[in-house]
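In what follows, a single structure is set out as structure tokens and then discussed.
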Amino acid sequence: MRGKLRVLPPMPSVPASSPPARIKFWGTRGSIAVPGPETLRYGGNTTCVELRADGEIIVLDAGSGIRPLGVALQKEFQARPVNLSLLITHAHWDHIQGFPFFKPAYDSNNQIRIFGFDGAGATFREIITEPMRSPFFPITMRELSAKMDINKLSEMKFSLGKVEIHAAFVNHPGVCAGYRIFTTAGSIAFLPDYEPYEFFLHSTRGNQLSPERAKKTAADERASLVEFLHGSDILILDGQYTDEEYRRHIGWGHGSVSSAVALALDAEVHNLLLFHHDPGHGDQMVDKMVEFAHALVAKSGKPLEVGAAQEGAEIPLEAKIAA
Ligand SMILES: [Zn+2]
Ligand SMILES: [Zn+2]
């Protein structure tokens with residue numbers, strides 16, 4: 001397997017030895033940005049997570065949260081070059097819309113590699129470049145000053161320097177990837193948009209299959225996802241809906257608190273962070289969902305840590321693993 005791995009050279013922006021390896025949440029919201037007093041604690045920006053480990057800066061998705069990330073990187077690096085890799089899960093607006101406002105892309109000192117898969121009816125290059133053209137935006141991707149490198153993924157395993165990355169396609173409308181990122185400080189799984197496979201048993205798509213076939217498909221798909229996630233130190237997972245809301249949104253492409261907890265327990269992950277918060281959920285509602293998740297974990301008797309991703313929060317990886 002190793003022999004076939006596509007290895008891209010490291011692009012160190014930070015000294016490999018600089019502790020601690022960590023993730024930082026710049027956008028945790030699903031669907032659309034919702035700034036305001038109701039979302040101050042968990043955040044209003046859409047999907048963007050920064051990972052620093054083994055000398056690399058790896059950015060997960062480019063929702064509106066990538067704008068404040070860009071501002072922070074400029075402030076930190078000043079005249080030093082920012083070299084980073086951006087992994088895109090899929091083409092939905094809440095995962096790409098912030099990129100035109102990512103300041104490091106406008107500085108010729110910087111180098112940005114972007115990775116992702118072709119979408120339904122669009123190549124990966126189109127997904128990245130089309131939103132940045134007239135009449136949608138006044139500056140094209142070609143006009144950006146940074147050295148831009150758009151990489152269509154066709155393989156499910158590759159590596160960025162020392163960091164090995166595995167990808168899996170997950171249940172979400174269109175083409176949507178999840179990533180598992182293996183660093184020397186532990187592994188992080190990132191599935192911001194994912195609906196449990198049990199939807200096959202309830203949806204119109206499932207109704208096209210016989211009940212036995214739908215049941216088997218759901219069980220097989222879920223088993224391979226459990227294997228993909230198994231033993232992750234941190235799992236950042238779609239937990240957009242309460243269980244009651246989910247029953248009214250089957251087939252919309254998102255999960256519920258109890259499905260997220262069940263998946264994390266089955267995959268024996270260490271720390272589950274509910275993610276892709278519903279734009280209609282204020283901070284108090286997210287608190288309640290976390291409380292419910294804690295109750296489910298307590299009932300299971302298993303040692304899963306669970307919380308909800310919070311914009312601005314940093315999680316040191318080694319500390320988390322030692323805990
Ligand atoms: Zn989304
Ligand atoms: Zn989506």
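Here, A, B, ... name the chains of the structure tokens in the order displayed, residue numbers run from 1 inside each chain, and ligands are numbered from 1 in the same displayed order.
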
* Exercise: A:Met156 partners within 8 Å, only C-alpha atoms, chain neighbours under 3 positions left out, as a PyMOL selection string -> chain A and resi 153+166-168

Note to self: Run DSSP on the backbone and tell me which residues of stretch 187-322 of chain A come out as strand (DSSP E or B); list them as a PyMOL selection string.
What the structure shows: chain A and resi 187-191+234-238+241+256+271-275+277+305-308+314-316

Check which residues fall inside 7 Å of ligand 2 when counting only C-alpha atoms and all ligand atoms, and print them as a short mmCIF file (atom, residue, chain, number, x, y, z; two decimals) with all heavy atoms, in the first residue's frame.
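Saved as out31.cif:
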```
data_model
loop_
_atom_site.label_atom_id
_atom_site.label_comp_id
_atom_site.auth_asym_id
_atom_site.auth_seq_id
_atom_site.Cartn_x
_atom_site.Cartn_y
_atom_site.Cartn_z
N HIS A 90 -16.26 19.08 -0.35
CA HIS A 90 -17.23 19.10 -1.44
C HIS A 90 -17.58 20.53 -1.81
O HIS A 90 -17.14 21.47 -1.17
CB HIS A 90 -18.47 18.28 -1.10
CG HIS A 90 -19.32 18.83 0.02
ND1 HIS A 90 -18.82 19.14 1.26
CD2 HIS A 90 -20.65 19.13 0.07
CE1 HIS A 90 -19.80 19.58 2.04
NE2 HIS A 90 -20.92 19.59 1.33
N HIS A 92 -20.38 22.35 -1.95
CA HIS A 92 -21.47 23.19 -1.44
C HIS A 92 -20.92 24.52 -0.93
O HIS A 92 -19.82 24.59 -0.38
CB HIS A 92 -22.24 22.45 -0.33
CG HIS A 92 -23.10 21.34 -0.86
ND1 HIS A 92 -23.58 20.31 -0.09
CD2 HIS A 92 -23.57 21.11 -2.12
CE1 HIS A 92 -24.31 19.49 -0.84
NE2 HIS A 92 -24.31 19.95 -2.08
N HIS A 172 -23.95 12.07 1.28
CA HIS A 172 -24.32 13.48 1.26
C HIS A 172 -24.65 13.80 -0.20
O HIS A 172 -24.00 13.25 -1.09
CB HIS A 172 -23.15 14.31 1.77
CG HIS A 172 -23.48 15.76 1.99
ND1 HIS A 172 -24.35 16.16 2.98
CD2 HIS A 172 -23.07 16.89 1.36
CE1 HIS A 172 -24.44 17.49 2.94
NE2 HIS A 172 -23.68 17.95 1.96
N PRO A 173 -25.61 14.67 -0.47
CA PRO A 173 -25.97 14.91 -1.87
C PRO A 173 -24.76 15.34 -2.73
O PRO A 173 -23.98 16.19 -2.31
CB PRO A 173 -26.98 16.06 -1.77
CG PRO A 173 -27.56 15.93 -0.39
CD PRO A 173 -26.44 15.42 0.46
N ASP A 193 -20.05 17.01 6.63
CA ASP A 193 -21.39 16.79 6.07
C ASP A 193 -21.56 15.30 5.83
O ASP A 193 -20.86 14.71 5.01
CB ASP A 193 -21.55 17.54 4.74
CG ASP A 193 -21.56 19.04 4.92
OD1 ASP A 193 -20.69 19.54 5.66
OD2 ASP A 193 -22.40 19.71 4.31
#
```

A straight line from atom CA of A:Tyr106 to atom CA of A:Glu143 spans 8.7 Å

Taking only residues of chain A that have an atom at most 9 Å from an atom of ligand 1, what is each one's shortest atom pair and its distance in Å to one decimal, using only C-alpha atoms and all ligand atoms, in chain and number order, as a tab-separated table?
```
residue	atom	partner	partner_atom_place_in_ligand_line	distance
A:Arg29	CA	ligand 1	1 (Zn)	8.0
A:Gly30	CA	ligand 1	1 (Zn)	4.8
A:Ser31	CA	ligand 1	1 (Zn)	5.0
A:Ile32	CA	ligand 1	1 (Zn)	8.2
A:Thr46	CA	ligand 1	1 (Zn)	7.9
A:Thr47	CA	ligand 1	1 (Zn)	7.2
A:Gly63	CA	ligand 1	1 (Zn)	8.8
A:His90	CA	ligand 1	1 (Zn)	8.4
A:Ala91	CA	ligand 1	1 (Zn)	8.9
A:His92	CA	ligand 1	1 (Zn)	6.2
A:Trp93	CA	ligand 1	1 (Zn)	7.5
A:Asp94	CA	ligand 1	1 (Zn)	5.3
A:His95	CA	ligand 1	1 (Zn)	6.1
A:Pro192	CA	ligand 1	1 (Zn)	6.6
A:Asp193	CA	ligand 1	1 (Zn)	5.4
A:Tyr194	CA	ligand 1	1 (Zn)	8.8
A:Asp238	CA	ligand 1	1 (Zn)	8.6
A:Gly253	CA	ligand 1	1 (Zn)	8.8
A:His254	CA	ligand 1	1 (Zn)	8.4
A:His276	CA	ligand 1	1 (Zn)	6.5
```

For the residues in that selection, give me C-alpha atoms as a JSON list (two decimals), in the first residue's frame.
```
[["chain", "number", "residue", "atom", "x", "y", "z"],
["A", 29, "ARG", "CA", -21.65, 26.43, 11.14],
["A", 30, "GLY", "CA", -23.47, 24.52, 8.43],
["A", 31, "SER", "CA", -25.35, 25.81, 5.41],
["A", 32, "ILE", "CA", -24.98, 29.58, 5.81],
["A", 46, "THR", "CA", -19.24, 28.32, 8.00],
["A", 47, "THR", "CA", -16.83, 25.40, 7.82],
["A", 63, "GLY", "CA", -16.29, 28.35, 4.25],
["A", 90, "HIS", "CA", -17.23, 19.10, -1.44],
["A", 91, "ALA", "CA", -18.56, 21.95, -3.53],
["A", 92, "HIS", "CA", -21.47, 23.19, -1.44],
["A", 93, "TRP", "CA", -21.27, 26.93, -0.85],
["A", 94, "ASP", "CA", -20.76, 26.69, 2.90],
["A", 95, "HIS", "CA", -17.47, 24.84, 2.22],
["A", 192, "PRO", "CA", -18.46, 17.89, 8.24],
["A", 193, "ASP", "CA", -21.39, 16.79, 6.07],
["A", 194, "TYR", "CA", -22.66, 13.26, 6.46],
["A", 238, "ASP", "CA", -21.93, 16.39, 11.26],
["A", 253, "GLY", "CA", -27.66, 14.95, 3.89],
["A", 254, "HIS", "CA", -27.04, 15.65, 7.58],
["A", 276, "HIS", "CA", -21.98, 21.80, 11.10]]
```

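Taking only C-alpha atoms into account, A:Gly119 lies nearest to A:Thr89 out of the set A:Thr89, A:Ser134, A:Thr28, A:Ser145.
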
Notebook entry, point to check: Taking the backbone alone, and naming residues the way the document does, which bits of stretch 100-279 of chain A are alpha helix (DSSP H) by DSSP, as a ChimeraX atom specification?
Noted result: /A:124-129,204-207,211-229,243-247,257-266

Report as a PDB file with N, CA, C and O atoms, in the first residue's frame all protein, DNA and RNA residues lying within 10 Å of A:Pro35, evaluated on only C-alpha atoms, omitting residues in the same chain fewer than 5 positions from it.
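Final output, out20.pdb:
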```
ATOM      1  N   ARG A  29     -20.224  26.369  11.493  1.00  0.00           N
ATOM      2  CA  ARG A  29     -21.651  26.427  11.142  1.00  0.00           C
ATOM      3  C   ARG A  29     -21.905  25.709   9.830  1.00  0.00           C
ATOM      4  O   ARG A  29     -21.049  25.703   8.945  1.00  0.00           O
ATOM      5  N   LEU A  40     -22.827  33.595  19.390  1.00  0.00           N
ATOM      6  CA  LEU A  40     -21.513  34.125  19.795  1.00  0.00           C
ATOM      7  C   LEU A  40     -20.551  33.031  20.262  1.00  0.00           C
ATOM      8  O   LEU A  40     -19.369  33.078  19.947  1.00  0.00           O
ATOM      9  N   GLY A  43     -20.256  30.131  17.311  1.00  0.00           N
ATOM     10  CA  GLY A  43     -19.762  30.792  16.113  1.00  0.00           C
ATOM     11  C   GLY A  43     -20.756  30.818  14.972  1.00  0.00           C
ATOM     12  O   GLY A  43     -21.619  29.939  14.848  1.00  0.00           O
ATOM     13  N   GLY A  44     -20.622  31.843  14.128  1.00  0.00           N
ATOM     14  CA  GLY A  44     -21.537  32.019  12.998  1.00  0.00           C
ATOM     15  C   GLY A  44     -20.921  31.700  11.656  1.00  0.00           C
ATOM     16  O   GLY A  44     -21.631  31.553  10.661  1.00  0.00           O
ATOM     17  N   ASN A  45     -19.584  31.577  11.588  1.00  0.00           N
ATOM     18  CA  ASN A  45     -18.941  31.322  10.285  1.00  0.00           C
ATOM     19  C   ASN A  45     -19.089  29.872   9.849  1.00  0.00           C
ATOM     20  O   ASN A  45     -19.133  28.956  10.675  1.00  0.00           O
ATOM     21  N   PRO A 279     -28.030  26.473  11.149  1.00  0.00           N
ATOM     22  CA  PRO A 279     -28.106  27.943  11.230  1.00  0.00           C
ATOM     23  C   PRO A 279     -29.243  28.422  12.134  1.00  0.00           C
ATOM     24  O   PRO A 279     -29.208  29.550  12.633  1.00  0.00           O
TER      25      PRO A 279
END
```
